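This is model.txt. It holds compact mmCIF, C-alpha atoms.
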# COMPACT_ATOMS: atom_id res chain seq x y z
CA MET A 1 0.00 0.00 0.00
CA ARG A 2 1.45 3.33 -1.10
CA VAL A 3 -0.95 5.71 0.61
CA CYS A 4 -2.52 6.19 4.05
CA VAL A 5 -5.77 8.15 4.16
CA ILE A 6 -6.70 9.47 7.61
CA GLY A 7 -10.45 9.83 8.13
CA ALA A 8 -13.50 8.28 6.44
CA GLY A 9 -15.91 11.18 6.35
CA MET A 10 -16.99 12.94 3.18
CA SER A 11 -13.43 14.06 2.34
CA GLY A 12 -11.72 10.79 3.23
CA LEU A 13 -14.16 8.76 1.16
CA ALA A 14 -13.56 11.08 -1.80
CA ALA A 15 -9.80 10.56 -1.46
CA ALA A 16 -10.27 6.81 -1.19
CA TYR A 17 -12.42 6.71 -4.32
CA ALA A 18 -9.95 8.79 -6.35
CA LEU A 19 -7.09 6.47 -5.37
CA ARG A 20 -9.05 3.32 -6.14
CA GLU A 21 -10.13 4.84 -9.46
CA ARG A 22 -6.46 5.03 -10.48
CA GLY A 23 -5.50 1.66 -9.06
CA ILE A 24 -3.30 3.15 -6.32
CA GLY A 25 -2.92 0.95 -3.26
CA PHE A 26 -4.10 2.54 -0.02
CA VAL A 27 -5.58 2.01 3.40
CA CYS A 28 -8.01 4.40 5.11
CA LEU A 29 -7.84 4.64 8.92
CA GLU A 30 -10.96 5.82 10.76
CA LYS A 31 -11.17 5.98 14.55
CA ALA A 32 -15.00 5.82 14.63
CA PRO A 33 -17.02 2.58 14.38
CA ASP A 34 -18.41 3.54 10.95
CA VAL A 35 -17.85 5.88 8.02
CA GLY A 36 -19.61 9.23 7.66
CA GLY A 37 -17.79 11.64 9.99
CA ILE A 38 -19.92 14.22 11.79
CA TRP A 39 -23.05 13.11 9.91
CA ARG A 40 -23.25 9.75 11.68
CA GLN A 41 -22.57 11.08 15.20
CA PRO A 42 -26.09 12.24 16.16
CA GLY A 43 -27.59 8.85 15.28
CA ALA A 44 -24.81 7.04 17.13
CA GLY A 45 -25.18 9.24 20.22
CA GLU A 46 -21.50 10.13 20.14
CA ARG A 47 -19.79 13.30 21.26
CA GLY A 48 -19.08 15.56 18.31
CA PRO A 49 -20.22 18.60 16.33
CA GLY A 50 -23.37 16.84 15.10
CA TYR A 51 -26.74 17.26 16.86
CA ARG A 52 -30.17 15.71 16.36
CA THR A 53 -31.63 18.49 14.20
CA LEU A 54 -28.56 18.81 11.95
CA HIS A 55 -29.30 19.22 8.23
CA ILE A 56 -27.05 20.21 5.36
CA ASN A 57 -27.25 23.84 4.31
CA THR A 58 -26.43 23.13 0.67
CA ALA A 59 -28.69 21.67 -2.01
CA LYS A 60 -28.47 17.89 -2.37
CA SER A 61 -27.77 18.17 -6.11
CA LEU A 62 -24.55 20.00 -5.30
CA THR A 63 -23.65 18.09 -2.16
CA GLY A 64 -23.56 14.49 -3.38
CA TYR A 65 -20.65 12.94 -5.26
CA SER A 66 -22.00 13.98 -8.63
CA GLY A 67 -18.53 14.00 -10.19
CA PHE A 68 -18.09 10.39 -9.10
CA GLY A 69 -21.41 9.41 -10.66
CA TYR A 70 -23.13 8.86 -7.31
CA PRO A 71 -25.86 11.50 -6.81
CA MET A 72 -28.07 11.59 -3.74
CA PRO A 73 -31.33 9.63 -4.00
CA ASP A 74 -34.25 11.32 -5.75
CA ASP A 75 -36.48 10.83 -2.71
CA TYR A 76 -34.17 12.84 -0.46
CA PRO A 77 -35.40 16.35 0.37
CA LEU A 78 -33.56 19.35 -0.97
CA TYR A 79 -31.73 19.69 2.35
CA PRO A 80 -31.32 16.20 3.85
CA ARG A 81 -30.98 15.36 7.55
CA HIS A 82 -27.82 14.05 9.18
CA ASP A 83 -29.03 10.44 9.15
CA GLU A 84 -29.82 10.63 5.43
CA ILE A 85 -26.35 11.99 4.71
CA ALA A 86 -24.80 9.26 6.87
CA ALA A 87 -26.75 6.57 5.00
CA TYR A 88 -25.71 8.10 1.68
CA LEU A 89 -22.01 8.12 2.64
CA ARG A 90 -22.24 4.55 3.92
CA GLY A 91 -23.84 3.49 0.64
CA PHE A 92 -21.15 5.26 -1.36
CA ALA A 93 -18.39 3.53 0.58
CA ARG A 94 -20.03 0.16 -0.07
CA ASP A 95 -21.02 0.64 -3.71
CA SER A 96 -17.76 2.29 -4.77
CA GLY A 97 -15.68 -0.58 -3.43
CA VAL A 98 -13.67 1.45 -0.92
CA LEU A 99 -15.25 -0.04 2.20
CA GLY A 100 -12.87 -3.00 2.11
CA HIS A 101 -9.93 -0.58 2.28
CA ILE A 102 -11.15 1.08 5.50
CA GLU A 103 -9.98 0.04 8.95
CA LEU A 104 -12.61 1.23 11.45
CA ARG A 105 -12.00 1.86 15.15
CA THR A 106 -8.39 2.63 14.28
CA GLU A 107 -6.91 5.85 15.65
CA VAL A 108 -3.80 7.43 14.14
CA LEU A 109 -1.31 8.28 16.88
CA SER A 110 1.43 9.79 14.75
CA ALA A 111 2.55 10.33 11.16
CA ARG A 112 6.20 11.26 10.61
CA ARG A 113 8.41 11.52 7.55
CA ASP A 114 11.73 9.75 7.92
CA THR A 115 15.12 10.45 6.39
CA GLU A 116 14.42 8.05 3.53
CA GLY A 117 11.43 10.12 2.42
CA THR A 118 8.71 7.70 3.51
CA TRP A 119 6.02 8.28 6.12
CA THR A 120 5.70 6.13 9.20
CA VAL A 121 2.14 6.01 10.51
CA VAL A 122 1.51 4.63 13.99
CA SER A 123 -2.06 3.61 14.80
CA ARG A 124 -4.01 1.86 17.54
CA ASP A 125 -6.96 -0.44 16.90
CA ALA A 126 -10.05 -1.13 19.02
CA ASP A 127 -8.22 -3.85 20.98
CA GLY A 128 -5.43 -1.46 21.90
CA ALA A 129 -2.91 -3.05 19.55
CA VAL A 130 -0.42 -0.54 18.16
CA ALA A 131 0.84 -0.91 14.59
CA SER A 132 3.55 0.96 12.70
CA ARG A 133 3.40 1.08 8.90
CA ARG A 134 5.34 2.89 6.20
CA PHE A 135 3.79 4.75 3.27
CA GLU A 136 5.00 6.92 0.43
CA HIS A 137 2.15 9.39 0.94
CA VAL A 138 -0.30 10.48 3.65
CA ILE A 139 -3.65 12.17 2.95
CA VAL A 140 -5.18 13.90 5.95
CA ALA A 141 -8.98 14.08 5.72
CA SER A 142 -9.90 14.34 9.39
CA GLY A 143 -11.72 17.68 9.17
CA HIS A 144 -11.32 20.84 11.19
CA HIS A 145 -13.90 20.50 13.99
CA THR A 146 -11.20 19.37 16.40
CA GLU A 147 -10.84 21.27 19.68
CA PRO A 148 -13.82 23.18 21.14
CA VAL A 149 -13.12 26.85 21.83
CA LEU A 150 -14.57 28.62 24.86
CA PRO A 151 -14.03 32.27 25.83
CA ASP A 152 -10.76 32.62 27.71
CA PRO A 153 -11.35 33.62 30.35
CA LEU A 154 -15.01 32.80 30.85
CA PRO A 155 -17.09 35.73 32.11
CA GLN A 156 -16.72 36.69 35.75
CA GLY A 157 -18.78 34.52 38.08
CA SER A 158 -19.09 31.56 35.72
CA GLY A 159 -17.37 29.31 38.25
CA SER A 160 -20.20 29.81 40.73
CA PHE A 161 -23.02 29.46 38.19
CA PRO A 162 -25.22 26.65 39.60
CA GLY A 163 -26.52 25.56 36.21
CA THR A 164 -24.88 23.77 33.28
CA ILE A 165 -22.24 25.35 31.04
CA LEU A 166 -21.38 23.37 27.90
CA HIS A 167 -19.91 23.75 24.44
CA SER A 168 -21.97 22.93 21.35
CA LEU A 169 -19.73 19.85 20.95
CA ASP A 170 -21.69 18.31 23.83
CA TYR A 171 -25.15 19.43 22.70
CA ARG A 172 -27.36 16.67 21.33
CA ASP A 173 -31.08 17.32 21.66
CA GLY A 174 -33.26 20.24 22.66
CA ARG A 175 -35.50 17.82 24.54
CA ASP A 176 -32.70 17.42 27.08
CA PHE A 177 -33.45 21.00 28.15
CA ALA A 178 -37.24 20.77 28.35
CA ASP A 179 -38.73 23.52 30.52
CA GLN A 180 -35.29 25.00 31.24
CA ARG A 181 -34.10 28.56 30.70
CA VAL A 182 -31.18 28.45 28.28
CA VAL A 183 -28.74 31.04 26.95
CA VAL A 184 -27.06 30.24 23.63
CA VAL A 185 -23.86 32.14 22.88
CA GLY A 186 -22.88 32.84 19.26
CA LEU A 187 -24.38 33.55 15.84
CA GLY A 188 -22.75 30.91 13.65
CA ALA A 189 -24.45 27.92 12.05
CA SER A 190 -24.46 25.79 15.21
CA ALA A 191 -25.69 28.66 17.40
CA VAL A 192 -28.73 29.47 15.29
CA ASP A 193 -29.60 25.79 14.75
CA ILE A 194 -29.33 25.03 18.45
CA ALA A 195 -31.27 28.14 19.48
CA ALA A 196 -34.08 27.23 17.07
CA ASP A 197 -34.12 23.66 18.38
CA LEU A 198 -34.16 24.78 22.01
CA SER A 199 -36.96 27.26 21.35
CA ARG A 200 -39.32 24.33 20.75
CA ASN A 201 -38.41 22.64 24.02
CA ALA A 202 -37.00 25.08 26.56
CA ALA A 203 -39.05 27.36 28.77
CA ARG A 204 -37.08 30.31 27.42
CA THR A 205 -34.30 30.63 24.84
CA VAL A 206 -31.96 33.62 24.78
CA LEU A 207 -29.41 34.17 22.00
CA SER A 208 -26.37 36.14 23.19
CA VAL A 209 -24.56 37.81 20.28
CA ARG A 210 -21.28 39.70 20.57
CA ARG A 211 -20.78 40.59 16.90
CA GLY A 212 -23.19 40.83 14.02
CA LEU A 213 -22.92 38.39 11.11
CA HIS A 214 -24.80 38.30 7.82
CA ILE A 215 -27.68 35.83 8.13
CA VAL A 216 -28.52 34.42 4.73
CA PRO A 217 -31.58 32.26 3.92
CA LYS A 218 -30.96 28.99 2.12
CA GLN A 219 -32.60 30.40 -1.00
CA LEU A 220 -32.65 33.81 -2.64
CA TYR A 221 -35.24 34.53 -5.31
CA GLY A 222 -36.29 30.89 -4.97
CA ILE A 223 -32.82 29.60 -5.95
CA PRO A 224 -30.56 27.72 -3.50
CA CYS A 225 -27.71 30.03 -2.56
CA ASP A 226 -25.05 27.49 -3.45
CA GLU A 227 -26.55 27.17 -6.92
CA ILE A 228 -26.32 30.95 -7.27
CA ALA A 229 -22.68 30.85 -6.08
CA GLU A 230 -21.78 28.56 -8.96
CA ALA A 231 -24.02 29.96 -11.69
CA PRO A 232 -22.04 31.26 -14.71
CA TRP A 233 -23.99 34.52 -14.73
CA PHE A 234 -23.03 35.12 -11.08
CA ASN A 235 -19.35 34.34 -11.53
CA GLU A 236 -19.14 36.52 -14.63
CA MET A 237 -19.80 39.50 -12.35
CA SER A 238 -16.95 41.33 -10.69
CA PHE A 239 -16.45 40.73 -6.97
CA ALA A 240 -18.00 44.12 -6.19
CA GLU A 241 -21.02 43.31 -8.37
CA ARG A 242 -21.53 39.93 -6.68
CA ARG A 243 -21.39 41.57 -3.28
CA THR A 244 -23.93 44.22 -4.30
CA PHE A 245 -26.25 41.58 -5.76
CA VAL A 246 -26.30 39.59 -2.51
CA GLU A 247 -26.68 42.63 -0.28
CA GLU A 248 -29.65 43.85 -2.32
CA ALA A 249 -31.20 40.37 -2.27
CA LEU A 250 -30.85 40.24 1.52
CA LYS A 251 -32.68 43.55 1.88
CA VAL A 252 -35.60 41.99 0.03
CA ALA A 253 -35.44 38.62 1.80
CA ARG A 254 -35.11 39.73 5.40
CA GLY A 255 -34.60 43.47 5.76
CA SER A 256 -32.36 44.90 8.47
CA LEU A 257 -31.02 42.62 11.19
CA ALA A 258 -31.41 45.47 13.67
CA ASP A 259 -35.18 45.09 13.23
CA TYR A 260 -34.84 41.64 14.83
CA GLY A 261 -32.86 42.97 17.78
CA LEU A 262 -29.57 41.65 16.40
CA PRO A 263 -26.44 43.73 15.89
CA GLU A 264 -25.83 44.82 12.31
CA PRO A 265 -22.65 43.31 10.82
CA ASP A 266 -19.66 45.66 10.97
CA HIS A 267 -18.43 44.33 7.62
CA PRO A 268 -19.85 43.83 4.11
CA VAL A 269 -20.98 40.46 2.77
CA PHE A 270 -18.10 38.14 1.80
CA SER A 271 -15.74 39.76 4.33
CA SER A 272 -16.49 37.14 6.98
CA ALA A 273 -18.24 33.81 7.15
CA VAL A 274 -22.01 34.07 6.72
CA THR A 275 -24.64 32.21 8.72
CA ILE A 276 -27.10 30.18 6.65
CA SER A 277 -30.50 29.84 8.30
CA ASP A 278 -34.15 29.80 7.33
CA GLU A 279 -35.31 29.51 10.93
CA ILE A 280 -33.62 31.82 13.39
CA LEU A 281 -35.14 35.11 12.24
CA SER A 282 -38.60 33.55 12.20
CA ARG A 283 -38.13 32.19 15.73
CA ILE A 284 -37.06 35.66 16.88
CA ARG A 285 -40.07 37.25 15.18
CA HIS A 286 -42.35 34.79 16.97
CA GLY A 287 -40.78 35.58 20.35
CA ALA A 288 -39.44 32.06 20.75
CA VAL A 289 -35.84 33.28 20.75
CA VAL A 290 -34.86 36.54 22.49
CA PRO A 291 -31.67 38.28 21.27
CA LYS A 292 -29.29 39.77 23.82
CA PRO A 293 -25.79 41.26 23.60
CA ALA A 294 -22.64 39.58 24.93
CA ILE A 295 -22.48 38.12 28.43
CA ALA A 296 -20.78 40.51 30.86
CA ARG A 297 -20.84 38.32 33.98
CA PHE A 298 -22.70 35.73 36.01
CA GLU A 299 -24.39 36.60 39.29
CA GLY A 300 -25.40 33.30 40.82
CA SER A 301 -27.98 31.80 38.47
CA ARG A 302 -28.47 35.13 36.72
CA VAL A 303 -26.71 35.92 33.43
CA VAL A 304 -25.95 39.63 33.06
CA PHE A 305 -25.39 41.10 29.59
CA THR A 306 -23.33 44.09 28.49
CA ASP A 307 -26.46 46.27 28.30
CA ASP A 308 -27.03 45.57 32.04
CA THR A 309 -30.14 43.48 31.38
CA SER A 310 -30.15 39.98 32.88
CA VAL A 311 -32.03 36.68 32.85
CA GLN A 312 -32.28 33.67 35.11
CA ALA A 313 -30.70 30.65 33.42
CA ASP A 314 -30.45 26.93 33.99
CA ALA A 315 -27.94 26.33 31.18
CA VAL A 316 -25.56 28.18 28.88
CA VAL A 317 -24.51 26.65 25.55
CA TYR A 318 -21.37 28.17 24.04
CA CYS A 319 -21.44 27.85 20.25
CA THR A 320 -18.06 29.52 19.92
CA GLY A 321 -16.42 27.33 17.34
CA PHE A 322 -13.46 25.02 17.08
CA ARG A 323 -9.71 25.19 16.77
CA MET A 324 -8.07 23.01 14.14
CA ALA A 325 -5.55 20.55 15.55
CA PHE A 326 -3.64 17.64 14.11
CA PRO A 327 -1.97 16.03 17.14
CA PHE A 328 -0.67 13.13 15.07
CA LEU A 329 1.39 15.43 12.81
CA PRO A 330 4.64 17.27 13.59
CA ALA A 331 4.18 20.50 15.54
CA GLY A 332 3.36 23.49 13.35
CA CYS A 333 1.96 21.42 10.50
CA PRO A 334 0.04 22.62 8.51
CA THR A 335 -0.11 25.97 10.32
CA GLY A 336 2.39 28.81 10.44
CA ALA A 337 3.48 30.93 13.38
CA ASP A 338 0.27 33.00 13.33
CA GLY A 339 -1.98 29.94 13.11
CA SER A 340 -2.85 30.35 9.43
CA VAL A 341 -3.03 27.17 7.38
CA GLU A 342 -0.12 27.18 4.91
CA LEU A 343 -0.93 24.79 2.06
CA TYR A 344 -0.33 25.12 -1.66
CA ARG A 345 -3.75 25.46 -3.29
CA ARG A 346 -5.13 24.56 0.17
CA VAL A 347 -3.94 20.95 -0.27
CA VAL A 348 -0.18 20.40 -0.48
CA ALA A 349 2.33 20.93 2.34
CA PRO A 350 5.23 22.64 0.47
CA ASP A 351 7.96 21.56 2.87
CA ARG A 352 6.71 18.06 3.63
CA PRO A 353 6.76 15.97 0.43
CA GLY A 354 4.09 13.30 0.35
CA LEU A 355 1.68 15.05 2.74
CA TYR A 356 -1.69 16.32 1.49
CA PHE A 357 -4.92 17.62 3.01
CA VAL A 358 -8.35 17.00 1.49
CA GLY A 359 -11.35 18.93 2.80
CA LEU A 360 -9.39 21.43 4.89
CA ILE A 361 -11.39 24.28 3.37
CA ARG A 362 -14.38 26.40 4.28
CA PRO A 363 -16.31 27.15 1.09
CA VAL A 364 -19.00 29.72 0.46
CA GLY A 365 -21.18 26.91 -0.93
CA SER A 366 -21.07 23.13 -1.14
CA VAL A 367 -17.83 21.31 -0.33
CA SER A 368 -18.34 17.96 -2.06
CA ARG A 369 -17.30 18.87 -5.61
CA LEU A 370 -14.29 20.65 -4.21
CA VAL A 371 -13.11 17.59 -2.30
CA GLU A 372 -13.77 15.46 -5.41
CA ALA A 373 -11.46 17.75 -7.39
CA GLN A 374 -8.90 17.91 -4.58
CA ALA A 375 -8.90 14.12 -4.29
CA ARG A 376 -8.42 13.60 -8.02
CA TRP A 377 -5.63 16.15 -8.09
CA VAL A 378 -3.81 14.43 -5.21
CA ALA A 379 -4.30 11.04 -6.86
CA GLY A 380 -2.77 12.46 -10.05
CA ILE A 381 0.22 13.78 -8.11
CA ILE A 382 0.74 10.38 -6.48
CA GLU A 383 0.30 8.58 -9.78
CA GLY A 384 2.85 10.89 -11.39
CA SER A 385 0.58 12.34 -14.07
CA VAL A 386 0.41 15.75 -12.37
CA ASP A 387 3.47 17.81 -11.51
CA LEU A 388 3.96 20.19 -8.61
CA PRO A 389 6.02 23.39 -8.68
CA ALA A 390 9.24 23.59 -6.70
CA PRO A 391 8.75 24.33 -2.97
CA ASP A 392 9.66 28.01 -3.47
CA GLY A 393 6.90 28.36 -6.06
CA MET A 394 4.39 26.68 -3.77
CA ARG A 395 5.35 28.96 -0.89
CA GLU A 396 4.87 32.01 -3.12
CA GLU A 397 1.32 30.87 -3.94
CA VAL A 398 0.59 30.33 -0.24
CA THR A 399 1.85 33.81 0.63
CA ALA A 400 -0.24 35.41 -2.12
CA HIS A 401 -3.34 33.52 -0.98
CA LEU A 402 -2.91 34.49 2.68
CA ASP A 403 -2.28 38.14 1.75
CA ALA A 404 -5.51 38.20 -0.27
CA ILE A 405 -7.40 36.49 2.55
CA ALA A 406 -6.05 39.00 5.09
CA GLN A 407 -7.31 41.90 2.99
CA ARG A 408 -10.77 40.38 2.74
CA TYR A 409 -11.30 38.53 6.04
CA GLY A 410 -8.38 39.36 8.31
CA ARG A 411 -5.56 36.99 9.19
CA THR A 412 -7.08 34.22 11.31
CA GLN A 413 -6.85 30.45 11.23
CA GLY A 414 -10.44 30.05 10.08
CA ALA A 415 -10.14 32.69 7.38
CA SER A 416 -7.04 31.02 5.92
CA ILE A 417 -9.13 28.06 4.71
CA GLN A 418 -11.93 30.17 3.23
CA VAL A 419 -12.53 29.61 -0.51
CA ASP A 420 -15.09 30.71 -3.09
CA VAL A 421 -16.55 27.64 -4.78
CA GLY A 422 -16.62 28.80 -8.41
CA PRO A 423 -13.13 30.30 -8.64
CA TYR A 424 -11.53 27.56 -6.53
CA LEU A 425 -13.16 24.79 -8.55
CA ALA A 426 -11.94 26.46 -11.76
CA GLU A 427 -8.45 26.63 -10.26
CA LEU A 428 -8.46 22.91 -9.45
CA ARG A 429 -9.83 21.99 -12.86
CA ASP A 430 -7.04 24.04 -14.42
CA VAL A 431 -4.33 22.09 -12.61
CA LEU A 432 -6.16 18.85 -13.44
CA LYS A 433 -6.32 19.94 -17.11
CA VAL A 434 -10.02 18.96 -17.32
What would the structure in this file look like if it were written as structure tokens?
Amino acid sequence: MRVCVIGAGMSGLAAAYALRERGIGFVCLEKAPDVGGIWRQPGAGERGPGYRTLHINTAKSLTGYSGFGYPMPDDYPLYPRHDEIAAYLRGFARDSGVLGHIELRTEVLSARRDTEGTWTVVSRDADGAVASRRFEHVIVASGHHTEPVLPDPLPQGSGSFPGTILHSLDYRDGRDFADQRVVVVGLGASAVDIAADLSRNAARTVLSVRRGLHIVPKQLYGIPCDEIAEAPWFNEMSFAERRTFVEEALKVARGSLADYGLPEPDHPVFSSAVTISDEILSRIRHGAVVPKPAIARFEGSRVVFTDDTSVQADAVVYCTGFRMAFPFLPAGCPTGADGSVELYRRVVAPDRPGLYFVGLIRPVGSVSRLVEAQARWVAGIIEGSVDLPAPDGMREEVTAHLDAIAQRYGRTQGASIQVDVGPYLAELRDVLKV
């Protein structure tokens, strides 16, 4: 076996398929009991970013492995649930023939490149047996929902709060909080999903928001937003024209966020991650979710906000994101000194030959066709039909990308993996010569 793939979620399965398609020997190591990544976790009752009400935010026609000839079933809704996605990924692994290459319940402990240029991967199986194997190449497809991030420090008085404080990583089901008073912190995808879920179960749901974000419905003018993002007519516009188009559409679709009691974003569209939601603004309008500013402090069981208002609370759910971490890789890989991800075309580690990352991106749109293209590109590199520039050339591309990202989003770890679907897909197709 020439290649080790780490992870059997959507990205890992794409990498496995691309390798098998070219007849390249590989093994895929997955620490969970089944394939599917975060999509299988809610059904399995496991700790992870998935929760019971989780749905995809991208249209099924653009989210399945259409490039691999394996679309999602016709009877799936436009935005399938987590269990439907998990079943789809399980079916793909079986029908594509990659399932036999996957070792489940196998955790990667380390991956190191030796002086001979090969990679030694140390793993541990479900019985605790440790194995060490050598590969020419390693493909990391373990995702970026790794370490939960909480405010540091937590607000004053949190240590004496008598209720429950948890991160969204440990949230499963709104029914667990029936008749409780809950404060949800954040305005990202998980925060608005969890607040909407809680609002149907909790006695009261408060949404604490420090900074305004653009909330975008799943469809604009009756068209799924990810379909708009990839439409030729949209991508023929200049960046400024695309931004204006979306901002005008949002005025029509939802009006001003201040009218909902939320802070207006301090940045234009496409200068930070957007929050996709059809529900949260409706739940606020119906009084089921009450917006509040950031938490200033805790006073016993009372949560006090920066506007000096307060509420009694039984639980606080921090939906404050994740920090990427790859504990099995050498320190500082694939991130630089400032935490930014430093990968050539968001895939190749310039200074570590044979190491690739598939799915370590945050697209404005659906990820699946991007990981299909990434996987095929990596397979071509391994096969020898695709050439890479010299390390200096790759580092120049990384620097240019991070400079452009800093101008648009700021220089943060999360921003460094942000990509626009249409342009990035065109870039990958160019290097693939297809």
Task: One-decimal distance in Å that lies between CA of Ser66 in chain A and CA of Ala249 in chain A - done: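 CA of Ser66 in chain A lies 28.7 Å from CA of Ala249 in chain A.
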TODO: Write out as a ChimeraX atom specification which residues come within 9 Å of Glu383 in chain A when counting all atoms listed in the file, dropping same-chain ones fewer than 3 positions away.
DONE: /A:19,22,24,378-380,386
Open item on the list: Residues within 12 Å of (-20.6, 28.3, 40.5), file coordinates, counting only C-alpha atoms: what are they? Give the list as a ChimeraX atom specification.
Closed with: /A:155-165,297-302,314
How big is the axis-aligned box around the listed atoms of range 58-61 of chain A once 3 Å is added on each side, and where is its centre? Give both in Å to one decimal, as JSON.
{"center_x": -27.6, "center_y": 20.5, "center_z": -2.7, "size_x": 8.3, "size_y": 11.2, "size_z": 12.8}
TODO: Could you tell me which of A:Pro353, A:Gly339, A:Gly69, A:Gly12 comes closest to Leu402 in chain A if we count only C-alpha atoms?
DONE: A:Gly339
TODO: Quick one: residues within 7 Å of (-23.5, 21.9, -5.3) (file frame), counting all atoms listed in the file, please, as a PyMOL selection string.
DONE: chain A and resi 58-59+61-63+226-227+366+369
TODO: Using all atoms listed in the file, pick whichever of A:Gly365, A:Pro77, A:Gly359, A:Pro148 has the shortest atom-to-atom distance to Ile417 in chain A.
DONE: A:Gly359
Open item on the list: Counting only C-alpha atoms, which residue out of A:Ala15, A:Val35, A:Leu166, A:Ile85 sits closest to Thr106 in chain A?
Closed with: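 Among the listed residues, the smallest separation from Thr106 in chain A belongs to A:Val35.
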Task: Separation of CA of Tyr79 in chain A from CA of Ile56 in chain A, in Å and rounded to one decimal - done: 5.6 Å
- [ ] Can you pull out every residue within 12 Å of Ala229 in chain A, counting all atoms listed in the file, but drop anything in the same chain fewer than 6 positions away, and send it as a VMD selection string?
- [x] chain A and resid 58 to 59 62 218 to 220 223 235 to 237 239 242 to 243 245 to 246 270 363 to 366 419 to 425
Task: Within 10 Å of Glu30 in chain A using only C-alpha atoms, minus same-chain residues under 5 positions, as number ranges by chain - done: A: 5-9, 12, 35-37, 102-108, 125, 141-142
Open item on the list: Nearest residue to Gly91 in chain A out of A:Leu388, A:Met10, A:Ile276, A:Glu147, using all atoms listed in the file?
Closed with: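 Closest to Gly91 in chain A, using all atoms listed in the file: A:Met10.
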Missing atoms in range 202-214 of chain A: fill them in up to N, CA, C and O atoms and send the result as a PDB file, in the frame of the given file.
ATOM      1  N   ALA A 202     -37.341  24.376  25.328  1.00  0.00           N
ATOM      2  CA  ALA A 202     -37.000  25.080  26.560  1.00  0.00           C
ATOM      3  C   ALA A 202     -38.111  26.024  26.996  1.00  0.00           C
ATOM      4  O   ALA A 202     -38.961  26.421  26.201  1.00  0.00           O
ATOM      5  N   ALA A 203     -38.089  26.381  28.270  1.00  0.00           N
ATOM      6  CA  ALA A 203     -39.050  27.360  28.770  1.00  0.00           C
ATOM      7  C   ALA A 203     -38.762  28.736  28.195  1.00  0.00           C
ATOM      8  O   ALA A 203     -39.676  29.516  27.925  1.00  0.00           O
ATOM      9  N   ARG A 204     -37.460  29.044  28.030  1.00  0.00           N
ATOM     10  CA  ARG A 204     -37.080  30.310  27.420  1.00  0.00           C
ATOM     11  C   ARG A 204     -35.723  30.123  26.752  1.00  0.00           C
ATOM     12  O   ARG A 204     -34.837  29.458  27.296  1.00  0.00           O
ATOM     13  N   THR A 205     -35.567  30.717  25.576  1.00  0.00           N
ATOM     14  CA  THR A 205     -34.300  30.630  24.840  1.00  0.00           C
ATOM     15  C   THR A 205     -33.806  32.033  24.549  1.00  0.00           C
ATOM     16  O   THR A 205     -34.515  32.837  23.931  1.00  0.00           O
ATOM     17  N   VAL A 206     -32.601  32.321  25.005  1.00  0.00           N
ATOM     18  CA  VAL A 206     -31.960  33.620  24.780  1.00  0.00           C
ATOM     19  C   VAL A 206     -30.742  33.392  23.893  1.00  0.00           C
ATOM     20  O   VAL A 206     -29.979  32.436  24.094  1.00  0.00           O
ATOM     21  N   LEU A 207     -30.555  34.256  22.909  1.00  0.00           N
ATOM     22  CA  LEU A 207     -29.410  34.170  22.000  1.00  0.00           C
ATOM     23  C   LEU A 207     -28.496  35.360  22.274  1.00  0.00           C
ATOM     24  O   LEU A 207     -28.848  36.506  21.989  1.00  0.00           O
ATOM     25  N   SER A 208     -27.327  35.096  22.841  1.00  0.00           N
ATOM     26  CA  SER A 208     -26.370  36.140  23.190  1.00  0.00           C
ATOM     27  C   SER A 208     -25.382  36.323  22.043  1.00  0.00           C
ATOM     28  O   SER A 208     -24.660  35.401  21.675  1.00  0.00           O
ATOM     29  N   VAL A 209     -25.347  37.538  21.486  1.00  0.00           N
ATOM     30  CA  VAL A 209     -24.560  37.810  20.280  1.00  0.00           C
ATOM     31  C   VAL A 209     -23.591  38.957  20.538  1.00  0.00           C
ATOM     32  O   VAL A 209     -24.008  40.062  20.882  1.00  0.00           O
ATOM     33  N   ARG A 210     -22.306  38.680  20.374  1.00  0.00           N
ATOM     34  CA  ARG A 210     -21.280  39.700  20.570  1.00  0.00           C
ATOM     35  C   ARG A 210     -21.081  40.554  19.331  1.00  0.00           C
ATOM     36  O   ARG A 210     -20.920  41.768  19.417  1.00  0.00           O
ATOM     37  N   ARG A 211     -21.090  39.898  18.151  1.00  0.00           N
ATOM     38  CA  ARG A 211     -20.780  40.590  16.900  1.00  0.00           C
ATOM     39  C   ARG A 211     -21.763  40.173  15.827  1.00  0.00           C
ATOM     40  O   ARG A 211     -22.102  39.000  15.709  1.00  0.00           O
ATOM     41  N   GLY A 212     -22.225  41.122  15.059  1.00  0.00           N
ATOM     42  CA  GLY A 212     -23.190  40.830  14.020  1.00  0.00           C
ATOM     43  C   GLY A 212     -22.568  40.071  12.853  1.00  0.00           C
ATOM     44  O   GLY A 212     -21.422  40.327  12.457  1.00  0.00           O
ATOM     45  N   LEU A 213     -23.303  39.128  12.307  1.00  0.00           N
ATOM     46  CA  LEU A 213     -22.920  38.390  11.110  1.00  0.00           C
ATOM     47  C   LEU A 213     -24.074  38.478  10.104  1.00  0.00           C
ATOM     48  O   LEU A 213     -25.232  38.657  10.495  1.00  0.00           O
ATOM     49  N   HIS A 214     -23.754  38.316   8.843  1.00  0.00           N
ATOM     50  CA  HIS A 214     -24.800  38.300   7.820  1.00  0.00           C
ATOM     51  C   HIS A 214     -25.536  36.965   7.887  1.00  0.00           C
ATOM     52  O   HIS A 214     -24.930  35.899   7.740  1.00  0.00           O
TER      53      HIS A 214
END
